[in-house]
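Peer 1: mmCIF, C-alpha atoms, saved as run-v2.cif, coming up:
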data_target
loop_
_atom_site.label_atom_id
_atom_site.label_comp_id
_atom_site.auth_asym_id
_atom_site.auth_seq_id
_atom_site.Cartn_x
_atom_site.Cartn_y
_atom_site.Cartn_z
CA MET A 1 7.36 -3.81 1.77
CA HIS A 2 7.47 -6.64 -0.71
CA ILE A 3 8.92 -9.75 0.78
CA MET A 4 10.76 -11.19 -2.16
CA GLU A 5 9.84 -14.43 -3.85
CA GLY A 6 11.08 -17.43 -1.88
CA TYR A 7 12.30 -15.32 1.04
CA LEU A 8 9.76 -16.63 3.52
CA PRO A 9 10.20 -20.21 4.72
CA PRO A 10 7.35 -22.42 3.42
CA GLU A 11 5.62 -22.71 6.80
CA TRP A 12 5.40 -18.92 7.17
CA ALA A 13 4.33 -18.48 3.57
CA ALA A 14 1.50 -20.94 4.22
CA PHE A 15 0.59 -19.29 7.52
CA TRP A 16 0.13 -15.86 5.91
CA TYR A 17 -1.90 -17.32 3.05
CA VAL A 18 -4.27 -18.91 5.55
CA PHE A 19 -4.43 -15.58 7.40
CA ALA A 20 -5.14 -13.47 4.29
CA ILE A 21 -7.58 -15.65 2.33
CA PRO A 22 -10.68 -15.15 4.56
CA PHE A 23 -10.29 -11.36 4.19
CA LEU A 24 -10.04 -11.69 0.41
CA VAL A 25 -13.21 -13.79 0.26
CA TYR A 26 -15.07 -11.36 2.51
CA GLY A 27 -13.73 -8.44 0.46
CA ALA A 28 -14.98 -10.02 -2.77
CA LEU A 29 -18.44 -10.51 -1.22
CA ARG A 30 -18.45 -6.88 -0.08
CA VAL A 31 -17.55 -5.68 -3.56
CA LYS A 32 -20.39 -7.75 -5.01
CA ARG A 33 -22.81 -6.25 -2.49
CA ILE A 34 -21.68 -2.69 -3.15
CA ILE A 35 -22.13 -3.16 -6.89
CA GLU A 36 -25.64 -4.56 -6.39
CA GLU A 37 -26.91 -2.29 -3.63
CA LYS A 38 -25.06 1.00 -4.03
CA PRO A 39 -24.40 1.46 -7.74
CA SER A 40 -23.43 5.10 -7.09
CA MET A 41 -20.39 3.86 -5.14
CA LYS A 42 -19.32 1.43 -7.86
CA SER A 43 -17.02 3.77 -9.73
CA LEU A 44 -15.31 4.72 -6.48
CA ILE A 45 -14.05 1.14 -6.18
CA ALA A 46 -12.22 1.74 -9.44
CA VAL A 47 -10.88 5.10 -8.22
CA SER A 48 -9.65 3.48 -4.98
CA ALA A 49 -7.94 0.72 -6.94
CA GLY A 50 -6.43 3.32 -9.25
CA PHE A 51 -4.94 5.14 -6.29
CA ILE A 52 -3.28 1.93 -5.08
CA PHE A 53 -1.96 1.30 -8.61
CA VAL A 54 -0.41 4.76 -8.89
CA LEU A 55 1.06 5.11 -5.43
CA SER A 56 2.49 1.62 -5.16
CA ALA A 57 4.26 2.10 -8.49
CA LEU A 58 6.18 5.13 -7.24
CA LYS A 59 9.41 4.31 -5.51
CA LEU A 60 10.27 7.49 -3.70
CA PRO A 61 13.59 8.43 -2.15
CA SER A 62 13.42 8.91 1.59
CA VAL A 63 15.58 10.45 4.32
CA THR A 64 17.35 7.18 5.10
CA GLY A 65 19.00 7.16 1.69
CA SER A 66 16.93 4.30 0.35
CA CYS A 67 13.84 4.18 -1.80
CA SER A 68 10.47 2.79 -0.91
CA HIS A 69 6.95 3.17 -2.15
CA PRO A 70 3.72 4.28 -0.50
CA THR A 71 0.86 1.80 -0.50
CA GLY A 72 -2.05 3.96 -1.65
CA THR A 73 -4.57 1.98 0.36
CA GLY A 74 -5.92 5.00 2.26
CA ILE A 75 -8.65 5.93 -0.23
CA ALA A 76 -10.08 2.41 -0.27
CA VAL A 77 -10.01 2.34 3.54
CA VAL A 78 -11.93 5.61 3.81
CA PHE A 79 -14.60 4.66 1.26
CA PHE A 80 -14.97 0.92 1.77
CA GLY A 81 -13.07 -0.35 4.82
CA PRO A 82 -10.33 -2.94 5.13
CA ALA A 83 -11.91 -6.01 3.48
CA VAL A 84 -12.35 -4.37 0.07
CA THR A 85 -8.89 -2.87 0.49
CA ALA A 86 -7.48 -6.38 0.95
CA LEU A 87 -8.95 -7.51 -2.36
CA LEU A 88 -7.73 -4.43 -4.27
CA SER A 89 -4.25 -4.71 -2.75
CA ALA A 90 -4.02 -8.36 -3.72
CA ILE A 91 -4.72 -7.43 -7.36
CA VAL A 92 -1.86 -4.92 -7.38
CA LEU A 93 0.46 -7.31 -5.55
CA LEU A 94 -0.33 -10.02 -8.08
CA TYR A 95 0.50 -7.66 -10.96
CA GLN A 96 3.82 -6.81 -9.32
CA ALA A 97 4.61 -10.42 -8.46
CA LEU A 98 3.93 -11.73 -11.96
CA LEU A 99 5.24 -8.91 -14.15
CA LEU A 100 7.81 -7.08 -12.05
CA ALA A 101 9.34 -9.82 -9.89
CA HIS A 102 8.47 -7.58 -6.93
CA GLY A 103 7.17 -9.70 -4.11
CA GLY A 104 6.14 -13.13 -5.27
CA ILE A 105 3.59 -15.86 -5.47
CA THR A 106 4.90 -17.63 -2.38
CA THR A 107 4.96 -14.38 -0.40
CA LEU A 108 1.66 -13.05 -1.78
CA GLY A 109 -0.18 -14.14 1.36
CA ALA A 110 2.25 -12.32 3.64
CA ASN A 111 2.31 -9.20 1.49
CA THR A 112 -1.50 -9.13 1.29
CA ALA A 113 -1.65 -9.53 5.07
CA SER A 114 0.55 -6.48 5.65
CA MET A 115 -0.52 -4.14 2.82
CA GLY A 116 -4.13 -5.27 2.45
CA VAL A 117 -5.28 -6.42 5.87
CA ILE A 118 -3.40 -5.30 8.99
CA GLY A 119 -2.18 -1.87 7.82
CA PRO A 120 -5.59 -0.84 6.41
CA PHE A 121 -7.35 -2.23 9.48
CA VAL A 122 -5.34 0.06 11.78
CA GLY A 123 -5.95 2.99 9.42
CA TRP A 124 -9.66 2.21 9.36
CA ILE A 125 -9.89 2.20 13.16
CA ALA A 126 -8.15 5.59 13.26
CA PHE A 127 -10.58 6.87 10.63
CA LYS A 128 -13.61 5.66 12.60
CA LEU A 129 -12.33 7.27 15.79
CA LEU A 130 -11.47 10.61 14.21
CA LYS A 131 -14.10 11.13 11.52
CA ASN A 132 -16.53 12.94 13.78
CA VAL A 133 -13.77 15.05 15.30
CA ASN A 134 -12.13 16.36 12.16
CA PHE A 135 -12.82 14.73 8.83
CA ARG A 136 -9.63 15.82 7.08
CA VAL A 137 -7.47 14.69 9.98
CA ALA A 138 -9.32 11.36 9.91
CA VAL A 139 -8.57 10.84 6.21
CA PHE A 140 -4.95 11.82 6.76
CA ALA A 141 -4.61 9.39 9.68
CA ALA A 142 -6.27 6.58 7.74
CA ALA A 143 -3.91 6.93 4.77
CA MET A 144 -0.78 7.56 6.80
CA LEU A 145 -1.33 4.71 9.26
CA SER A 146 -2.40 2.22 6.58
CA ASP A 147 0.92 2.94 4.88
CA LEU A 148 3.19 3.03 7.93
CA VAL A 149 1.70 0.05 9.73
CA THR A 150 2.06 -2.02 6.54
CA TYR A 151 5.83 -1.60 6.78
CA VAL A 152 5.87 -2.31 10.52
CA VAL A 153 4.00 -5.55 9.81
CA THR A 154 6.45 -6.48 7.04
CA SER A 155 9.31 -5.97 9.52
CA LEU A 156 7.58 -8.21 12.06
CA GLN A 157 6.86 -10.88 9.44
CA LEU A 158 10.52 -11.00 8.50
CA ALA A 159 11.61 -10.94 12.15
CA LEU A 160 9.36 -13.91 12.94
CA ALA A 161 10.84 -15.88 10.06
CA PHE A 162 14.42 -14.75 10.65
CA PRO A 163 15.09 -14.20 14.37
CA SER A 164 18.71 -13.24 15.11
CA SER A 165 18.82 -15.85 17.88
CA ALA A 166 16.42 -18.37 19.37
CA GLY A 167 13.59 -17.12 21.52
CA VAL A 168 11.67 -13.87 21.85
CA ALA A 169 14.79 -11.74 22.31
CA GLY A 170 16.03 -12.78 18.86
CA ILE A 171 12.72 -11.87 17.28
CA ILE A 172 12.72 -8.45 18.92
CA LYS A 173 16.27 -7.77 17.85
CA SER A 174 15.54 -8.78 14.26
CA ALA A 175 12.34 -6.72 14.28
CA ALA A 176 14.36 -3.65 15.30
CA THR A 177 16.79 -4.27 12.44
CA PHE A 178 14.06 -4.68 9.83
CA MET A 179 12.13 -1.69 11.14
CA GLY A 180 15.30 0.36 10.81
CA ILE A 181 15.11 -0.37 7.10
CA PHE A 182 11.39 -0.32 6.44
CA ALA A 183 9.56 1.72 9.06
CA VAL A 184 12.02 4.62 9.34
CA THR A 185 12.21 5.02 5.57
CA GLN A 186 8.45 4.99 5.46
CA VAL A 187 7.71 7.78 7.95
CA PRO A 188 8.12 10.73 5.53
CA LEU A 189 6.58 8.76 2.66
CA SER A 190 3.48 7.92 4.67
CA ILE A 191 3.07 11.60 5.56
CA ILE A 192 3.20 12.48 1.88
CA GLU A 193 0.65 9.76 1.16
CA GLY A 194 -1.62 11.16 3.87
CA VAL A 195 -1.50 14.65 2.35
CA VAL A 196 -2.18 13.39 -1.17
CA ALA A 197 -5.08 11.25 0.06
CA VAL A 198 -6.68 14.24 1.80
CA MET A 199 -6.44 16.26 -1.42
CA LEU A 200 -8.03 13.52 -3.52
CA VAL A 201 -10.81 12.76 -1.03
CA SER A 202 -11.59 16.49 -0.66
CA TYR A 203 -11.94 16.83 -4.42
CA ILE A 204 -14.16 13.77 -4.68
CA PHE A 205 -16.45 15.21 -2.01
CA GLU A 206 -16.53 18.51 -3.83
CA VAL A 207 -17.91 16.93 -6.99
CA ARG A 208 -19.79 14.04 -5.36
CA SER A 209 -21.59 15.44 -2.31
CA ASP A 210 -23.75 12.27 -2.16
CA VAL A 211 -20.65 10.22 -1.29
CA LEU A 212 -19.93 12.46 1.67
CA GLU A 213 -23.19 11.40 3.33
CA VAL A 214 -22.50 7.70 2.76
CA VAL A 215 -18.98 7.91 4.18
CA LYS A 216 -19.82 10.13 7.13
CA ALA A 217 -22.74 7.94 8.17
CA MET B 1 -0.49 21.73 3.46
CA LYS B 2 1.63 22.86 0.53
CA LYS B 3 4.31 24.08 2.93
CA LEU B 4 4.40 20.66 4.58
CA LEU B 5 4.87 18.97 1.22
CA LEU B 6 7.66 21.35 0.31
CA LEU B 7 9.36 20.76 3.64
CA LEU B 8 9.27 17.00 3.08
CA ILE B 9 10.77 17.30 -0.37
CA LEU B 10 13.54 19.49 1.07
CA LEU B 11 14.13 16.94 3.80
CA ILE B 12 14.59 14.22 1.23
CA PHE B 13 17.18 16.21 -0.67
CA ALA B 14 18.96 17.33 2.49
CA ALA B 15 19.28 13.73 3.65
CA LYS B 16 22.75 12.40 4.17
CA VAL B 17 23.26 9.66 1.67
CA THR B 18 25.79 7.00 2.43
CA ALA B 19 27.28 3.98 0.66
CA GLU B 20 24.38 2.48 -1.27
CA GLU B 21 22.61 5.52 -2.55
CA TRP B 22 18.86 5.29 -3.00
CA ALA B 23 18.70 1.53 -3.13
CA GLY B 24 15.31 -0.09 -2.68
CA ALA B 25 14.34 -0.97 0.88
CA ASP B 26 13.25 -4.42 -0.31
CA GLU B 27 16.80 -5.19 -1.47
CA LYS B 28 18.24 -3.90 1.80
CA ALA B 29 16.02 -6.30 3.70
CA GLU B 30 17.31 -9.11 1.49
CA GLU B 31 20.87 -8.27 2.55
CA VAL B 32 19.91 -8.35 6.22
CA ILE B 33 18.32 -11.77 5.77
CA LYS B 34 21.57 -13.02 4.23
CA GLU B 35 23.46 -11.68 7.25
CA LEU B 36 21.06 -13.19 9.78
CA LYS B 37 20.88 -16.57 8.12
CA PRO B 38 23.76 -16.98 5.65
CA ASP B 39 22.71 -20.52 4.70
CA TYR B 40 19.15 -19.53 3.73
CA GLU B 41 18.37 -20.39 0.15
CA PRO B 42 15.25 -18.85 -1.42
CA TRP B 43 13.16 -21.92 -2.20
CA PHE B 44 11.27 -20.41 -5.08
CA SER B 45 12.29 -17.88 -7.70
CA PRO B 46 10.13 -15.52 -9.74
CA ILE B 47 8.48 -17.14 -12.74
CA PHE B 48 9.14 -14.08 -14.86
CA GLU B 49 11.66 -11.34 -14.25
CA PRO B 50 11.86 -8.15 -16.31
CA PRO B 51 14.80 -8.80 -18.67
CA SER B 52 16.32 -5.36 -18.00
CA GLY B 53 16.02 -2.27 -15.85
CA GLU B 54 14.41 -0.40 -18.73
CA ILE B 55 11.67 -2.98 -19.12
CA GLU B 56 11.11 -2.95 -15.38
CA SER B 57 10.70 0.85 -15.44
CA MET B 58 8.31 0.47 -18.36
CA LEU B 59 6.13 -1.97 -16.44
CA PHE B 60 6.16 0.25 -13.36
CA SER B 61 5.16 3.26 -15.46
CA LEU B 62 2.43 1.18 -17.03
CA GLN B 63 1.10 0.35 -13.58
CA ALA B 64 1.06 4.04 -12.62
CA ALA B 65 -0.48 4.97 -15.97
CA ILE B 66 -3.35 2.50 -15.56
CA GLY B 67 -4.05 3.89 -12.10
CA SER B 68 -3.97 7.54 -13.08
CA LEU B 69 -6.08 6.87 -16.17
CA ILE B 70 -8.84 5.38 -14.02
CA ILE B 71 -8.67 8.19 -11.46
CA GLY B 72 -8.60 10.90 -14.12
CA TYR B 73 -11.49 9.40 -16.07
CA PHE B 74 -13.80 9.25 -13.08
CA LEU B 75 -12.84 12.62 -11.59
CA GLY B 76 -13.63 14.20 -14.96
CA TYR B 77 -16.88 12.23 -15.14
CA TYR B 78 -17.94 13.36 -11.65
CA ARG B 79 -17.13 16.96 -12.53
CA GLY B 80 -19.19 16.69 -15.67
CA LEU B 81 -22.09 15.16 -13.73
CA LYS B 82 -22.05 18.01 -11.24
CA HIS B 83 -21.91 20.53 -14.07
CA ALA B 84 -24.85 18.90 -15.84
CA ARG B 85 -26.90 18.83 -12.64
CA ASN B 86 -26.31 22.51 -12.00
CA ALA B 87 -27.02 23.57 -15.56
#
Just dump the structure as C-alpha cells.

Peer 2:
Amino acid sequence: MHIMEGYLPPEWAAFWYVFAIPFLVYGALRVKRIIEEKPSMKSLIAVSAGFIFVLSALKLPSVTGSCSHPTGTGIAVVFFGPAVTALLSAIVLLYQALLLAHGGITTLGANTASMGVIGPFVGWIAFKLLKNVNFRVAVFAAAMLSDLVTYVVTSLQLALAFPSSAGVAGIIKSAATFMGIFAVTQVPLSIIEGVVAVMLVSYIFEVRSDVLEVVKA
Amino acid sequence: MKKLLLLLILLIFAAKVTAEEWAGADEKAEEVIKELKPDYEPWFSPIFEPPSGEIESMLFSLQAAIGSLIIGYFLGYYRGLKHARNA
C-alpha cells in the first residue's frame, strides 16, 4: 500500500499530511494518558507496535500473482483504538520510508492516512459493533477490515491523484484499476492477518485476564 | 481455523501466475501510474535507497526481528507473571 516517494502530486501530498497530523497528535496524547493512567496497559502498546513491525515486513504472495504485505494494525485497534494505531503506523512507515525506500517522506501523510487512520477506523467500528456478539469474530473483523480498507483507501488516493480522464468517471475508472492491483491481492492476505490476530489476542487474554475486562468494557 | 489457514496457503500456490511473477503490488501501481499519465515525473526521490536487494532483505528482516522480539519478550513476561501469581 505504500505510495512511492514522489508519486503523489505536491497538492495531494500536502492534503494527506494535513488530514493525518491531527490524528497523530491525538494518538500521542492518548499514549501519554495510557502510560500515566493505566500502567498495566503500557506494555501492550509495545506488543501492538511489534505486531505492526512484523506483519508489515512480510511481503506475502497472493492469488493475483503479486506480493503484498499485511498491515498488522488489528491488535492496536482492538486494544487502543484508531488514534494510537495512527501513531504506531507512522513510526513503522517512517522506518520503511527512510531505510527501505518503501513509501516516502512526501507520501508519509497519505500512507499514514490509509494504514493508520481510515483502515483502522473502519476496523474499530466493526470491532465495537461485534464485540458483544462474538468476541473472536470481532477481533477477526477488526484486523481483516483494518488491513483490507487500507488498500482500498490507497487505491482511492491514487485514483484521485491520477484519474484516467477528467471528471468523476475518470476517478472511478482509475479507482477500479488500482483496486484490481491492491484490493484483490489483499483479500486473502487480510484473512490470514485476521486469523493470526485472533490467535495472538486469545493468547494475551489467556495470560492477562485483567486486559480482557478493560477491552470488553 | 487451522484448516482455513491451510486452504489459503493452498490457494496461493494454486494461483495462476502470469508474466510478472510475484512482483510487489506497489511496483505494479507505479506502472499503472506511468500508463495513466506518461509525462508524470516523480518530484522527489528517496533520500536513501538500499544499495542492493540483499541489503533490502536484511533491513526487512531486521524490522520483523524487532517486532517479534518485542512480542516474544512480553508474551513470555505475561506467562511468567501468571505463573508467579498462581504459585

Peer 1: Can you give me, as an mmCIF file with C-alpha atoms, in the frame of the given file, the residues this file yields under the PyMOL selection byres ((chain B) within 7 of (chain A))?

Peer 2:
data_model
loop_
_atom_site.group_PDB
_atom_site.id
_atom_site.type_symbol
_atom_site.label_atom_id
_atom_site.label_comp_id
_atom_site.auth_asym_id
_atom_site.auth_seq_id
_atom_site.Cartn_x
_atom_site.Cartn_y
_atom_site.Cartn_z
ATOM 1 C CA LEU B 5 4.870 18.970 1.220
ATOM 2 C CA LEU B 8 9.270 17.000 3.080
ATOM 3 C CA LEU B 11 14.130 16.940 3.800
ATOM 4 C CA ILE B 12 14.590 14.220 1.230
ATOM 5 C CA ALA B 15 19.280 13.730 3.650
ATOM 6 C CA LYS B 16 22.750 12.400 4.170
ATOM 7 C CA VAL B 17 23.260 9.660 1.670
ATOM 8 C CA THR B 18 25.790 7.000 2.430
ATOM 9 C CA GLU B 21 22.610 5.520 -2.550
ATOM 10 C CA TRP B 22 18.860 5.290 -3.000
ATOM 11 C CA ALA B 23 18.700 1.530 -3.130
ATOM 12 C CA GLY B 24 15.310 -0.090 -2.680
ATOM 13 C CA ALA B 25 14.340 -0.970 0.880
ATOM 14 C CA ASP B 26 13.250 -4.420 -0.310
ATOM 15 C CA ALA B 29 16.020 -6.300 3.700
ATOM 16 C CA ILE B 33 18.320 -11.770 5.770
ATOM 17 C CA LEU B 36 21.060 -13.190 9.780
ATOM 18 C CA PRO B 42 15.250 -18.850 -1.420
ATOM 19 C CA TRP B 43 13.160 -21.920 -2.200
ATOM 20 C CA PHE B 44 11.270 -20.410 -5.080
ATOM 21 C CA SER B 45 12.290 -17.880 -7.700
ATOM 22 C CA PRO B 46 10.130 -15.520 -9.740
ATOM 23 C CA PHE B 48 9.140 -14.080 -14.860
ATOM 24 C CA GLU B 49 11.660 -11.340 -14.250
ATOM 25 C CA PRO B 50 11.860 -8.150 -16.310
ATOM 26 C CA GLU B 56 11.110 -2.950 -15.380
ATOM 27 C CA LEU B 59 6.130 -1.970 -16.440
ATOM 28 C CA PHE B 60 6.160 0.250 -13.360
ATOM 29 C CA GLN B 63 1.100 0.350 -13.580
ATOM 30 C CA ALA B 64 1.060 4.040 -12.620
ATOM 31 C CA GLY B 67 -4.050 3.890 -12.100
ATOM 32 C CA SER B 68 -3.970 7.540 -13.080
ATOM 33 C CA ILE B 70 -8.840 5.380 -14.020
ATOM 34 C CA ILE B 71 -8.670 8.190 -11.460
ATOM 35 C CA TYR B 78 -17.940 13.360 -11.650
ATOM 36 C CA ARG B 79 -17.130 16.960 -12.530
ATOM 37 C CA LYS B 82 -22.050 18.010 -11.240
#

Peer 1: Just the number, please: distance in Å from atom CA of Leu145 of chain A to atom CA of Ala113 of chain A, one decimal.

Peer 2: 14.8 Å

Peer 1: Could you tell me how far atom CA of Trp124 of chain A lies from atom CA of Lys216 of chain A, in Å and to one decimal?

Peer 2: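 Straight-line distance from atom CA of Trp124 of chain A to atom CA of Lys216 of chain A works out to 13.1 Å.
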
Peer 1: Could you check which residues have any atom within 9 Å of (-27.9, 7.6, -0.1), counting all atoms listed in the file with coordinates taken straight from the file, and then list them as a list in words?

Peer 2: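 Counting all atoms listed in the file, I find these residues within 9 Å of (-27.9, 7.6, -0.1): Lys38, Ser40, Asp210, Val211, Glu213 and Val214 of chain A.
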
Peer 1: Go through segment 36-91 of chain A residue by residue and, counting only C-alpha atoms, keep those with an atom at most 12 Å from segment 136-142 of chain A; for each kept residue give the shortest atom pair and its distance in Å to one decimal, ordered by chain and increasing number, as a tab-separated table.

Peer 2:
residue	atom	partner	partner_atom	distance
A:Thr71	CA	A:Ala142	CA	11.9
A:Gly72	CA	A:Ala142	CA	10.6
A:Thr73	CA	A:Ala142	CA	8.9
A:Gly74	CA	A:Ala142	CA	5.7
A:Ile75	CA	A:Val139	CA	8.1
A:Ala76	CA	A:Ala142	CA	9.8
A:Val77	CA	A:Ala142	CA	7.0
A:Val78	CA	A:Val139	CA	6.7
A:Phe79	CA	A:Val139	CA	10.0
A:Phe80	CA	A:Ala142	CA	12.0
A:Gly81	CA	A:Ala142	CA	10.1
A:Pro82	CA	A:Ala142	CA	10.7

Peer 1: Would you mind reading off the distance between atom CA of Ser114 of chain A and atom CA of Ser202 of chain A, one decimal, in Å?

Peer 2: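 These atoms are spaced 26.7 Å apart.
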